[in-house]
>>> print(open('start15.txt').read())   # compact mmCIF, C-alpha atoms
# COMPACT_ATOMS: atom_id res chain seq x y z
CA MET A 78 92.54 82.73 -47.51
CA ALA A 79 91.27 79.64 -45.77
CA GLY A 80 87.60 79.37 -44.99
CA ARG A 81 86.47 81.63 -47.84
CA LEU A 82 84.86 78.73 -49.67
CA ARG A 83 81.10 78.59 -49.37
CA SER A 84 80.07 74.95 -49.41
CA GLY A 85 76.56 76.02 -50.46
CA LEU A 86 77.98 76.99 -53.83
CA LEU A 87 80.97 74.67 -54.03
CA VAL A 88 79.07 71.39 -53.69
CA PRO A 89 76.59 72.14 -56.53
CA ALA A 90 79.51 73.32 -58.68
CA LEU A 91 81.40 70.08 -58.06
CA ALA A 92 78.24 68.06 -58.71
CA ALA A 93 77.56 69.97 -61.94
CA PHE A 94 81.10 69.36 -63.11
CA GLY A 95 80.71 65.65 -62.30
CA VAL A 96 77.54 65.52 -64.40
CA SER A 97 79.27 67.32 -67.30
CA LEU A 98 81.81 64.50 -67.50
CA PHE A 99 79.10 62.14 -68.69
CA LEU A 100 77.34 64.47 -71.12
CA ALA A 101 77.95 64.27 -74.84
CA PRO A 102 79.72 67.39 -76.17
CA GLY A 103 77.05 69.90 -77.15
CA PRO A 104 74.91 72.81 -75.94
CA LEU A 105 73.82 71.08 -72.71
CA GLU A 106 77.39 70.26 -71.71
CA ALA A 107 78.44 73.85 -72.53
CA LEU A 108 75.58 75.18 -70.38
CA VAL A 109 76.61 73.03 -67.42
CA SER A 110 80.26 74.14 -67.82
CA LEU A 111 79.09 77.75 -67.93
CA ALA A 112 77.17 77.20 -64.67
CA VAL A 113 80.37 75.86 -63.07
CA VAL A 114 82.35 78.91 -64.25
CA SER A 115 79.62 81.26 -62.93
CA SER A 116 79.71 79.54 -59.56
CA VAL A 117 83.49 80.00 -59.38
CA ALA A 118 83.09 83.66 -60.37
CA LEU A 119 80.57 84.18 -57.57
CA GLN A 120 82.83 82.61 -54.95
CA ASP A 121 86.29 83.87 -55.92
CA PRO A 122 86.73 85.91 -59.11
CA GLY A 123 90.49 85.78 -58.50
CA ALA A 124 90.40 82.08 -59.39
CA LEU A 125 89.19 82.98 -62.90
CA ARG A 126 91.96 85.57 -63.27
CA ALA A 127 94.50 82.99 -62.08
CA VAL A 128 93.64 80.57 -64.90
CA GLY A 129 93.06 83.20 -67.57
CA ARG A 130 96.63 83.52 -68.85
CA PRO A 131 96.38 83.51 -72.67
CA ARG A 132 99.66 81.58 -73.05
CA PHE A 133 97.96 78.56 -71.46
CA TRP A 134 94.97 78.62 -73.79
CA VAL A 135 96.46 79.58 -77.13
CA PHE A 136 97.48 76.06 -78.28
CA PRO A 137 94.22 74.27 -77.38
CA ALA A 138 92.28 77.16 -78.95
CA LEU A 139 94.33 76.94 -82.16
CA PHE A 140 93.77 73.16 -82.28
CA PHE A 141 90.00 73.50 -81.93
CA ILE A 142 89.78 76.43 -84.39
CA LEU A 143 91.90 74.76 -87.08
CA SER A 144 90.74 71.15 -86.68
CA PRO A 145 87.33 71.78 -88.38
CA PHE A 146 89.30 72.20 -91.65
CA PHE A 147 90.22 68.51 -91.38
CA VAL A 148 87.72 66.92 -88.99
CA GLY A 149 83.92 66.75 -89.31
CA ARG A 150 81.54 67.17 -92.22
CA PRO A 151 82.13 70.55 -93.94
CA ASP A 152 79.05 72.82 -93.68
CA ALA A 153 80.72 76.14 -94.56
CA VAL A 154 83.56 77.54 -96.64
CA VAL A 155 86.40 79.47 -94.97
CA TRP A 156 89.37 80.80 -96.99
CA GLY A 157 88.20 78.70 -99.93
CA ARG A 158 88.28 75.45 -97.97
CA GLY A 159 85.57 73.28 -96.47
CA TYR A 160 85.03 73.99 -92.76
CA SER A 161 82.85 72.23 -90.18
CA LEU A 162 81.02 74.73 -88.00
CA ALA A 163 79.52 71.84 -86.03
CA GLN A 164 83.04 70.65 -85.22
CA LEU A 165 84.02 74.20 -84.20
CA GLY A 166 81.05 74.31 -81.81
CA GLN A 167 82.11 71.00 -80.33
CA GLY A 168 85.68 72.29 -79.96
CA LEU A 169 84.47 75.40 -78.15
CA ALA A 170 82.46 73.19 -75.79
CA PHE A 171 85.67 71.22 -75.07
CA LEU A 172 87.50 74.48 -74.33
CA LEU A 173 84.74 75.71 -72.04
CA HIS A 174 84.81 72.37 -70.20
CA ALA A 175 88.58 72.68 -69.77
CA TYR A 176 88.19 76.24 -68.50
CA ALA A 177 85.52 75.18 -66.01
CA PHE A 178 87.71 72.36 -64.75
CA THR A 179 90.79 74.56 -64.37
CA ALA A 180 88.82 77.35 -62.67
CA LEU A 181 87.24 74.89 -60.24
CA THR A 182 90.60 73.40 -59.27
CA ALA A 183 92.09 76.90 -58.91
CA LEU A 184 89.19 77.85 -56.63
CA VAL A 185 89.84 74.91 -54.31
CA SER A 186 93.61 75.41 -54.42
CA ARG A 187 93.43 79.14 -53.62
CA ASN A 188 91.11 78.61 -50.69
CA VAL A 189 92.59 75.61 -48.91
CA CYS A 190 95.33 76.29 -46.40
CA ALA A 191 97.73 73.51 -45.34
CA ARG A 192 97.91 74.73 -41.74
CA ASP A 193 94.13 74.62 -41.49
CA MET A 194 94.08 71.12 -42.93
CA ALA A 195 96.65 69.94 -40.39
CA ALA A 196 94.75 71.55 -37.48
CA ARG A 197 91.41 70.16 -38.71
CA ALA A 198 92.86 66.65 -39.11
CA GLN A 199 94.12 66.78 -35.52
CA ALA A 200 90.78 68.12 -34.25
CA TRP A 201 88.91 65.29 -36.01
CA GLY A 202 91.09 62.70 -34.27
CA PHE A 203 93.47 61.99 -37.17
CA ARG A 204 96.48 62.89 -35.05
CA ARG A 205 99.07 61.11 -37.19
CA LEU A 206 97.74 62.74 -40.34
CA GLY A 207 97.82 66.18 -38.71
CA LEU A 208 101.36 65.54 -37.48
CA ARG A 209 102.41 64.42 -40.96
CA LEU A 210 100.97 67.52 -42.63
CA ALA A 211 102.54 69.86 -40.08
CA LEU A 212 105.88 68.07 -40.44
CA ALA A 213 105.65 68.18 -44.24
CA LEU A 214 105.18 71.96 -44.07
CA ILE A 215 108.31 72.37 -41.97
CA ALA A 216 110.22 69.84 -44.06
CA VAL A 217 109.42 71.59 -47.33
CA LYS A 218 111.32 74.68 -46.18
CA LEU A 219 114.33 72.63 -45.01
CA LEU A 220 114.35 70.47 -48.13
CA ARG A 221 114.00 73.43 -50.46
CA ARG A 222 117.13 75.00 -48.95
CA MET A 223 118.97 71.68 -49.06
CA LEU A 224 117.97 71.12 -52.72
CA ALA A 225 119.04 74.64 -53.73
CA GLU A 226 122.44 74.22 -52.01
CA SER A 227 123.07 70.75 -53.47
CA PHE A 228 122.02 71.79 -56.96
CA GLY A 229 124.00 75.06 -56.85
CA LEU A 230 127.16 73.26 -55.76
CA TYR A 231 126.66 70.51 -58.36
CA ARG A 232 126.09 73.05 -61.15
CA ARG A 233 129.17 75.10 -60.22
CA GLN A 234 131.36 71.98 -60.29
CA ARG A 235 129.96 70.85 -63.67
CA PRO A 236 129.45 73.82 -65.99
CA GLY A 237 129.28 71.67 -69.17
CA ALA A 238 126.06 69.95 -70.27
CA ALA A 239 127.80 66.57 -70.76
CA SER A 240 129.28 66.37 -67.26
CA PHE A 241 126.04 67.79 -65.83
CA LEU A 242 124.00 64.93 -67.33
CA ARG A 243 126.64 62.20 -66.84
CA ASP A 244 126.97 62.82 -63.10
CA LEU A 245 123.25 63.14 -62.32
CA PRO A 246 123.35 59.94 -60.17
CA VAL A 247 125.92 61.76 -57.97
CA LEU A 248 123.42 64.59 -57.44
CA ALA A 249 120.64 62.06 -56.75
CA GLY A 250 122.83 60.25 -54.21
CA ALA A 251 123.76 63.51 -52.47
CA VAL A 252 120.12 64.64 -52.30
CA ALA A 253 118.94 61.25 -50.98
CA GLY A 254 121.77 61.20 -48.41
CA ASN A 255 120.97 64.73 -47.22
CA CYS A 256 117.29 63.82 -47.08
CA VAL A 257 118.01 60.83 -44.82
CA ARG A 258 120.15 63.09 -42.61
CA VAL A 259 117.33 65.66 -42.29
CA ALA A 260 114.87 62.86 -41.45
CA GLU A 261 117.20 61.32 -38.85
CA ASN A 262 117.70 64.72 -37.16
CA ILE A 263 113.95 65.35 -36.97
CA ALA A 264 113.26 61.80 -35.74
CA ILE A 265 115.81 62.24 -32.94
CA LEU A 266 114.25 65.59 -32.03
CA PHE A 267 110.77 63.98 -31.91
CA TYR A 268 112.07 61.15 -29.73
CA VAL A 269 113.88 63.46 -27.31
CA ARG A 270 110.81 65.67 -26.98
CA GLY A 271 108.60 62.64 -26.36
CA VAL A 272 106.31 63.19 -29.34
CA ARG A 273 103.86 60.27 -29.45
CA VAL A 274 102.84 58.89 -32.82
CA MET B 210 110.55 52.10 -26.15
CA ARG B 211 112.26 50.68 -29.23
CA ASP B 212 108.88 50.36 -30.92
CA ASP B 213 108.17 54.05 -30.19
CA ALA B 214 111.48 55.05 -31.76
CA GLU B 215 110.78 52.86 -34.79
CA ARG B 216 107.30 54.38 -35.22
CA ILE B 217 108.71 57.91 -35.05
CA ARG B 218 111.47 56.99 -37.51
CA SER B 219 108.96 55.48 -39.91
CA LEU B 220 106.63 58.48 -39.78
CA VAL B 221 109.41 61.04 -40.18
CA HIS B 222 111.24 59.26 -43.00
CA THR B 223 108.14 58.62 -45.08
CA THR B 224 107.01 62.23 -44.55
CA ILE B 225 110.41 63.70 -45.48
CA PHE B 226 110.77 61.56 -48.62
CA GLY B 227 107.18 62.34 -49.56
CA ALA B 228 107.80 66.06 -49.08
CA LEU B 229 110.94 65.80 -51.23
CA TRP B 230 108.97 64.15 -54.04
CA GLY B 231 106.27 66.82 -53.71
CA LEU B 232 108.91 69.54 -53.98
CA ILE B 233 110.54 67.94 -57.03
CA GLU B 234 107.08 67.57 -58.58
CA MET B 235 106.43 71.25 -57.89
CA PHE B 236 109.61 72.56 -59.48
CA LEU B 237 110.87 69.99 -62.01
CA GLY B 238 107.37 68.69 -62.80
CA GLY B 239 106.05 72.23 -63.16
CA TYR B 240 108.95 73.16 -65.47
CA LEU B 241 108.55 70.05 -67.65
CA GLN B 242 104.83 70.79 -67.88
CA MET B 243 105.56 74.37 -68.88
CA VAL B 244 107.93 73.39 -71.72
CA GLN B 245 105.59 70.50 -72.70
CA PHE B 246 108.48 68.01 -72.36
CA PRO B 247 107.58 64.66 -73.94
CA LEU B 248 107.01 61.72 -71.54
CA ARG B 249 107.09 64.14 -68.59
CA GLY B 250 104.51 62.06 -66.69
CA ALA B 251 106.60 58.91 -66.95
CA LEU B 252 109.78 60.82 -66.13
CA MET B 253 108.29 62.27 -62.95
CA ALA B 254 106.82 58.85 -62.07
CA ALA B 255 110.33 57.38 -62.43
CA VAL B 256 111.81 59.99 -60.07
CA GLY B 257 108.94 59.54 -57.62
CA SER B 258 109.07 55.75 -57.62
CA VAL B 259 112.80 55.77 -56.85
CA LEU B 260 112.13 58.13 -53.92
CA LEU B 261 109.29 55.91 -52.70
CA CYS B 262 111.55 52.86 -52.85
CA ALA B 263 114.19 54.79 -50.88
CA ALA B 264 111.55 55.72 -48.30
CA ARG B 265 110.45 52.06 -48.10
CA LEU B 266 114.03 50.98 -47.46
CA GLN B 267 114.13 53.38 -44.51
CA ALA B 268 110.71 52.37 -43.17
CA ASP B 269 109.81 48.85 -44.28
CA ARG B 270 106.25 48.49 -43.00
CA PRO B 271 102.90 48.18 -44.80
CA GLY B 272 101.38 51.56 -45.62
CA ALA B 273 104.72 53.44 -45.55
CA THR B 274 104.85 53.92 -49.34
CA LEU B 275 101.25 55.05 -49.52
CA ALA B 276 101.86 57.50 -46.66
CA ALA B 277 104.90 59.00 -48.44
CA GLY B 278 102.82 59.30 -51.62
CA ALA B 279 100.01 61.02 -49.72
CA VAL B 280 102.46 63.60 -48.36
CA ALA B 281 103.85 64.20 -51.87
CA ALA B 282 100.31 64.63 -53.21
CA ALA B 283 99.46 67.05 -50.37
CA VAL B 284 102.60 69.15 -51.03
CA ARG B 285 101.82 69.24 -54.77
CA LEU B 286 98.14 69.93 -54.10
CA LEU B 287 98.81 72.87 -51.84
CA ALA B 288 101.51 74.51 -53.94
CA ILE B 289 100.10 78.00 -54.32
CA GLY B 290 99.22 78.82 -57.90
CA ALA B 291 100.53 75.50 -59.15
CA PHE B 292 97.47 73.32 -58.67
CA LYS B 293 96.96 70.64 -61.25
CA LEU B 294 94.73 67.69 -60.51
CA GLY B 295 96.54 65.43 -63.02
CA PRO B 296 99.90 65.24 -61.24
CA VAL B 297 98.21 64.93 -57.83
CA ALA B 298 96.08 61.99 -58.98
CA GLY B 299 99.14 60.52 -60.69
CA ILE B 300 101.19 60.67 -57.48
CA ALA B 301 98.40 58.99 -55.50
CA ILE B 302 97.92 56.18 -58.04
CA GLU B 303 101.66 55.55 -58.45
CA ALA B 304 102.10 55.36 -54.68
CA ALA B 305 99.15 52.95 -54.40
CA LEU B 306 100.62 50.70 -57.12
CA LEU B 307 104.06 50.62 -55.47
CA GLU B 308 102.48 50.04 -52.07
CA ALA B 309 100.51 47.08 -53.42
CA VAL B 310 103.60 45.48 -55.01
CA LEU B 311 105.88 46.03 -51.98
CA THR B 312 103.28 44.91 -49.45
CA LEU B 313 102.35 41.79 -51.41
CA PHE B 314 105.83 40.71 -52.45
CA GLY B 315 108.16 42.47 -49.99
CA CYS B 316 111.18 44.70 -50.65
CA GLY B 317 113.79 43.54 -53.11
CA ARG B 318 115.37 44.23 -56.48
CA VAL B 319 112.75 42.41 -58.56
CA GLN B 320 109.90 43.95 -56.59
CA PHE B 321 111.36 47.44 -57.03
CA MET B 322 111.75 46.85 -60.78
CA LEU B 323 108.13 45.66 -61.01
CA GLY B 324 106.77 48.48 -58.86
CA CYS B 325 108.67 51.23 -60.73
CA ALA B 326 107.63 49.81 -64.12
CA LEU B 327 103.97 49.73 -63.05
CA ALA B 328 104.21 53.29 -61.66
CA CYS B 329 105.61 54.58 -64.97
CA LEU B 330 103.07 52.67 -67.05
CA GLU B 331 100.35 54.39 -65.02
CA ALA B 332 101.06 57.48 -67.13
CA ILE B 333 99.28 55.78 -70.07
CA PRO B 334 95.77 55.37 -68.56
CA HIS B 335 96.46 58.65 -66.77
CA PHE B 336 96.67 60.47 -70.12
CA PHE B 337 93.25 59.18 -71.13
CA VAL B 338 91.61 59.88 -67.77
CA THR B 339 92.98 63.44 -67.50
CA ASN B 340 91.92 64.23 -71.08
CA TRP B 341 88.46 62.96 -70.27
CA LEU B 342 88.36 65.12 -67.12
CA PHE B 343 89.77 68.15 -68.88
CA PHE B 344 87.88 68.20 -72.16
CA GLY B 345 84.95 65.88 -71.52
CA ARG B 346 83.69 62.65 -73.00
CA GLY B 347 83.81 63.40 -76.72
CA ILE B 348 87.46 64.40 -77.01
CA PHE B 349 88.73 60.95 -78.02
CA GLY B 350 86.50 60.89 -81.10
CA THR B 351 88.00 64.21 -82.18
CA TYR B 352 91.56 62.98 -81.53
CA LEU B 353 90.97 59.78 -83.50
CA GLU B 354 89.41 61.65 -86.40
CA ALA B 355 92.30 64.15 -86.46
CA VAL B 356 94.81 61.27 -86.44
CA ARG B 357 92.97 59.51 -89.29
CA GLN B 358 93.00 62.68 -91.35
CA MET B 359 96.70 63.23 -90.69
CA GLN B 360 97.47 59.63 -91.68
CA ALA B 361 95.56 60.10 -94.91
CA PHE B 362 97.29 63.45 -95.58
CA PHE B 363 100.77 61.98 -95.18
CA GLY B 364 99.83 58.74 -97.00
CA LEU B 365 100.52 56.57 -93.94
CA PRO B 366 98.90 53.15 -93.47
CA ASP B 367 95.59 52.98 -91.59
CA GLY B 368 96.83 51.50 -88.30
CA PHE B 369 99.96 53.67 -88.09
CA TRP B 370 98.72 55.38 -84.93
CA LYS B 371 98.70 52.00 -83.16
CA ALA B 372 102.44 51.66 -83.84
CA VAL B 373 102.97 55.17 -82.42
CA VAL B 374 101.00 54.23 -79.29
CA ALA B 375 103.07 51.03 -78.94
CA VAL B 376 106.35 53.01 -79.13
CA TRP B 377 104.93 55.46 -76.58
CA ALA B 378 104.04 52.61 -74.20
CA ALA B 379 107.47 51.00 -74.70
CA ALA B 380 109.16 54.29 -73.79
CA HIS B 381 107.15 54.36 -70.55
CA LEU B 382 108.17 50.80 -69.77
CA LEU B 383 111.82 51.59 -70.46
CA LEU B 384 111.75 54.56 -68.11
CA GLY B 385 110.06 52.43 -65.46
CA LEU B 386 112.67 49.69 -65.74
CA SER B 387 115.46 52.28 -65.56
CA ALA B 388 113.94 53.69 -62.38
CA GLY B 389 113.65 50.13 -61.07
CA ALA B 390 117.35 49.57 -61.80
CA VAL B 391 118.24 52.71 -59.80
CA ALA B 392 116.01 51.54 -56.94
CA ALA B 393 117.59 48.07 -57.11
CA ALA B 394 121.01 49.73 -56.84
CA LEU B 395 119.71 51.40 -53.67
CA VAL B 396 118.87 47.94 -52.29
CA ALA B 397 122.38 46.73 -53.09
CA ARG B 398 123.90 49.81 -51.46
CA GLY B 399 121.65 49.33 -48.43
CA LYS B 400 122.79 45.71 -48.03
CA HIS B 401 126.46 46.68 -48.29
CA GLY B 402 125.89 49.54 -45.88
CA ARG B 403 124.46 47.25 -43.21
>>> encode(input="start15.txt", output="structure tokens")
Amino acid sequence: MAGRLRSGLLVPALAAFGVSLFLAPGPLEALVSLAVVSSVALQDPGALRAVGRPRFWVFPALFFILSPFFVGRPDAVVWGRGYSLAQLGQGLAFLLHAYAFTALTALVSRNVCARDMAARAQAWGFRRLGLRLALALIAVKLLRRMLAESFGLYRRQRPGAASFLRDLPVLAGAVAGNCVRVAENIAILFYVRGVRV
Amino acid sequence: MRDDAERIRSLVHTTIFGALWGLIEMFLGGYLQMVQFPLRGALMAAVGSVLLCAARLQADRPGATLAAGAVAAAVRLLAIGAFKLGPVAGIAIEAALLEAVLTLFGCGRVQFMLGCALACLEAIPHFFVTNWLFFGRGIFGTYLEAVRQMQAFFGLPDGFWKAVVAVWAAAHLLLGLSAGAVAAALVARGKHGR
């Protein structure tokens, strides 16, 4: 997926989002947010689908739809109660801003590859940074397995909630100890292989 | 030769502890976010600051804490489908705060307590900054107005929300001090171990 980002579109989108942070909530801010969303759609429509899960948006939407009953000057009547349409408009602008932000971050996240970042850091002369990133990628796999084993064993030994919570420091100690062991093994391997840092 | 070995050890330990924090952020942090667990930011900051202190005990040199934090942020940043700018920024700021404390004052129980407390308190400005980023500039006016209306509805005194904010901040501080106590216990264990 790496390299799909087109900086010609990404940079204006980031700049537009930056500008929107300083605009008062209203039509102009909504327009700028819409431009950001359009830019994301042009570059990677999958990013919009990735952040479109309704479960994520239902609570903020409910808050902004219901809050005009209580907040803002009423300028309409809904279900026999005063309702502020101006406040609703502002709420929708907030939601659009949030959607633009989430879509933009999803776009970057979906199109940046860790291996590429490590290789690019090395190519640009940041050898230690490249080494760190590459090592982190390897370590994540080792640590994930170690965490799953430690947690599985801990859970089997302590089926009750009380003992599970009471002995959490034991789990923390085991995880930290295993982590040090993993680090020591890799450090020895680096030293033996003559890796220069 | 010895310096080479020490440099390798420092790089590997800070990277491994950073990767561990990134992983925990990915799974536990992601879960707490999903269930909207209260004080999840401070809770994750507490876990992270203890890990950073542990990494600093293994590699006590300036920049080590920041490097471990950068790795954690990178792991969290690149978690496929789990990208959230808030936690990534939080990790980076917490690591910078701990780095500043440990570089200025050195490693020790009091320094760990101070660093962990500061890292957990970071969740307070973090809330405001992420809300600003997420919803834009005007959101705080809406929040305040909603709070005022709720206070009036329930017949609560005018400044009640300030008391709620104070309790919220105290909870962050308490979590930070607890994390500091765990980190201080690590120091004690490290001294006995040597």
>>> atom_distance(input="start15.txt", atom1="atom CA of Val114 of chain A", atom2="atom CA of Ala177 of chain A")
5.2 Å
>>> closest_atom_pairs(input="start15.txt", of="chain A", to="chain B", cutoff="9 Å", atoms="only C-alpha atoms", output="tab-separated table")
residue	atom	partner	partner_atom	distance
A:Ser97	CA	B:Gly345	CA	7.2
A:Leu98	CA	B:Gly345	CA	5.3
A:Phe99	CA	B:Arg346	CA	6.3
A:Leu100	CA	B:Arg346	CA	6.9
A:Ala101	CA	B:Gly347	CA	6.2
A:Pro102	CA	B:Gly347	CA	5.7
A:Glu106	CA	B:Gly345	CA	8.7
A:Ala127	CA	B:Gly290	CA	7.6
A:Ser144	CA	B:Ala355	CA	7.2
A:Phe147	CA	B:Gln358	CA	6.5
A:Val148	CA	B:Ala355	CA	5.9
A:Gly149	CA	B:Glu354	CA	8.0
A:Gln164	CA	B:Thr351	CA	8.7
A:Gln167	CA	B:Gly347	CA	8.6
A:Gly168	CA	B:Ile348	CA	8.6
A:Ala170	CA	B:Phe344	CA	8.2
A:Phe171	CA	B:Phe344	CA	4.7
A:Leu172	CA	B:Phe344	CA	6.7
A:Leu173	CA	B:Phe344	CA	8.1
A:His174	CA	B:Phe344	CA	5.5
A:Ala175	CA	B:Phe343	CA	4.8
A:Tyr176	CA	B:Phe343	CA	8.3
A:Ala177	CA	B:Phe343	CA	8.7
A:Phe178	CA	B:Phe343	CA	6.2
A:Thr179	CA	B:Phe343	CA	7.9
A:Thr182	CA	B:Phe292	CA	6.9
A:Ala183	CA	B:Phe292	CA	6.5
A:Val185	CA	B:Phe292	CA	8.9
A:Ser186	CA	B:Phe292	CA	6.1
A:Arg187	CA	B:Ile289	CA	6.8
A:Val189	CA	B:Leu287	CA	7.4
A:Cys190	CA	B:Leu287	CA	7.3
A:Ala191	CA	B:Leu287	CA	6.6
A:Arg205	CA	B:Leu220	CA	8.4
A:Arg209	CA	B:Thr224	CA	6.2
A:Leu210	CA	B:Val280	CA	7.1
A:Leu212	CA	B:Thr224	CA	7.2
A:Ala213	CA	B:Ala228	CA	5.7
A:Leu214	CA	B:Val284	CA	7.9
A:Ala216	CA	B:Ile225	CA	6.3
A:Val217	CA	B:Ala228	CA	6.0
A:Leu220	CA	B:Leu229	CA	6.6
A:Arg221	CA	B:Leu232	CA	7.3
A:Leu224	CA	B:Leu229	CA	8.9
A:Pro246	CA	B:Val391	CA	8.9
A:Ala253	CA	B:Ala263	CA	8.0
A:Cys256	CA	B:Ile225	CA	7.1
A:Val257	CA	B:His222	CA	7.2
A:Val259	CA	B:Ile225	CA	7.9
A:Ala260	CA	B:His222	CA	5.3
A:Glu261	CA	B:Arg218	CA	7.3
A:Ile263	CA	B:Val221	CA	7.0
A:Ala264	CA	B:Arg218	CA	5.4
A:Ile265	CA	B:Arg218	CA	8.2
A:Phe267	CA	B:Ile217	CA	7.1
A:Tyr268	CA	B:Ala214	CA	6.5
A:Val272	CA	B:Ile217	CA	8.1
A:Arg273	CA	B:Asp213	CA	7.6
A:Val274	CA	B:Ile217	CA	6.4
>>> residues_near_point(input="start15.txt", point="(76.3, 79.0, -58.9)", cutoff="12 Å", atoms="all atoms listed in the file", output="ChimeraX atom specification")
/A:83-94,109-121,181
>>> atom_distance(input="start15.txt", atom1="atom CA of Val259 of chain B", atom2="atom CA of Ala225 of chain A")
20.1 Å
>>> residues_around(input="start15.txt", residues="Ala304 of chain B", least_positions_apart="5", cutoff="9 Å", atoms="only C-alpha atoms", output="list in words")
Gly257, Ser258, Leu261, Thr274, Leu275, Ala276, Ala277, Gly278, Ala279, Gly299, Ala309 and Ala328 of chain B
>>> axis_aligned_box(input="start15.txt", around="segment 316-324 of chain B", padding_each_side="4 Å", output="lines of an AutoDock Vina configuration file")
center_x = 111.1
center_y = 45.4
center_z = -55.8
size_x = 16.6
size_y = 14.1
size_z = 18.4
>>> atom_distance(input="start15.txt", atom1="atom CA of Ala138 of chain A", atom2="atom CA of Leu237 of chain B")
26.2 Å
>>> residues_around(input="start15.txt", residues="Cys325 of chain B", least_positions_apart="2", cutoff="10 Å", atoms="only C-alpha atoms", output="PyMOL selection string")
chain B and resi 254-259+261-262+303-304+306-307+310+319-323+327-331+382+384-392
>>> closest_residue(input="start15.txt", among="B:Ala273, B:Cys316, B:Ala393, B:Val376", to="Ile333 of chain B", atoms="all atoms listed in the file")
B:Val376
>>> residues_around(input="start15.txt", residues="Ala332 of chain B", least_positions_apart="6", cutoff="12 Å", atoms="only C-alpha atoms", output="VMD selection string")
chain B and resid 247 to 255 295 to 296 298 to 300 302 to 303 325 to 326 338 to 339 377 to 382 384 to 385
>>> closest_residue(input="start15.txt", among="A:Val247, A:Leu206, A:Leu169, A:Ala211", to="Pro104 of chain A", atoms="only C-alpha atoms")
A:Leu169
>>> build_atoms(input="start15.txt", residues="segment 249-262 of chain B", atoms="N, CA and C atoms", output="PDB file, in the frame of the given file")
ATOM      1  N   ARG B 249     106.808  63.536 -69.893  1.00  0.00           N
ATOM      2  CA  ARG B 249     107.090  64.140 -68.590  1.00  0.00           C
ATOM      3  C   ARG B 249     106.410  63.383 -67.450  1.00  0.00           C
ATOM      4  N   GLY B 250     105.232  62.822 -67.719  1.00  0.00           N
ATOM      5  CA  GLY B 250     104.510  62.060 -66.690  1.00  0.00           C
ATOM      6  C   GLY B 250     105.315  60.849 -66.255  1.00  0.00           C
ATOM      7  N   ALA B 251     105.829  60.124 -67.257  1.00  0.00           N
ATOM      8  CA  ALA B 251     106.600  58.910 -66.950  1.00  0.00           C
ATOM      9  C   ALA B 251     107.912  59.277 -66.269  1.00  0.00           C
ATOM     10  N   LEU B 252     108.509  60.379 -66.714  1.00  0.00           N
ATOM     11  CA  LEU B 252     109.780  60.820 -66.130  1.00  0.00           C
ATOM     12  C   LEU B 252     109.604  61.161 -64.645  1.00  0.00           C
ATOM     13  N   MET B 253     108.535  61.902 -64.341  1.00  0.00           N
ATOM     14  CA  MET B 253     108.290  62.270 -62.950  1.00  0.00           C
ATOM     15  C   MET B 253     107.898  61.028 -62.129  1.00  0.00           C
ATOM     16  N   ALA B 254     107.170  60.099 -62.774  1.00  0.00           N
ATOM     17  CA  ALA B 254     106.820  58.850 -62.070  1.00  0.00           C
ATOM     18  C   ALA B 254     108.080  58.064 -61.748  1.00  0.00           C
ATOM     19  N   ALA B 255     109.065  58.094 -62.672  1.00  0.00           N
ATOM     20  CA  ALA B 255     110.330  57.380 -62.430  1.00  0.00           C
ATOM     21  C   ALA B 255     111.052  57.980 -61.230  1.00  0.00           C
ATOM     22  N   VAL B 256     111.136  59.314 -61.203  1.00  0.00           N
ATOM     23  CA  VAL B 256     111.810  59.990 -60.070  1.00  0.00           C
ATOM     24  C   VAL B 256     111.077  59.649 -58.771  1.00  0.00           C
ATOM     25  N   GLY B 257     109.756  59.776 -58.820  1.00  0.00           N
ATOM     26  CA  GLY B 257     108.940  59.540 -57.620  1.00  0.00           C
ATOM     27  C   GLY B 257     109.045  58.111 -57.136  1.00  0.00           C
ATOM     28  N   SER B 258     109.049  57.146 -58.073  1.00  0.00           N
ATOM     29  CA  SER B 258     109.070  55.750 -57.620  1.00  0.00           C
ATOM     30  C   SER B 258     110.407  55.407 -56.979  1.00  0.00           C
ATOM     31  N   VAL B 259     111.496  56.019 -57.491  1.00  0.00           N
ATOM     32  CA  VAL B 259     112.800  55.770 -56.850  1.00  0.00           C
ATOM     33  C   VAL B 259     112.778  56.333 -55.416  1.00  0.00           C
ATOM     34  N   LEU B 260     112.204  57.529 -55.266  1.00  0.00           N
ATOM     35  CA  LEU B 260     112.130  58.130 -53.920  1.00  0.00           C
ATOM     36  C   LEU B 260     111.258  57.284 -52.989  1.00  0.00           C
ATOM     37  N   LEU B 261     110.160  56.753 -53.534  1.00  0.00           N
ATOM     38  CA  LEU B 261     109.290  55.910 -52.700  1.00  0.00           C
ATOM     39  C   LEU B 261     110.002  54.634 -52.278  1.00  0.00           C
ATOM     40  N   CYS B 262     110.790  54.073 -53.204  1.00  0.00           N
ATOM     41  CA  CYS B 262     111.550  52.860 -52.850  1.00  0.00           C
ATOM     42  C   CYS B 262     112.571  53.193 -51.761  1.00  0.00           C
TER      43      CYS B 262
END
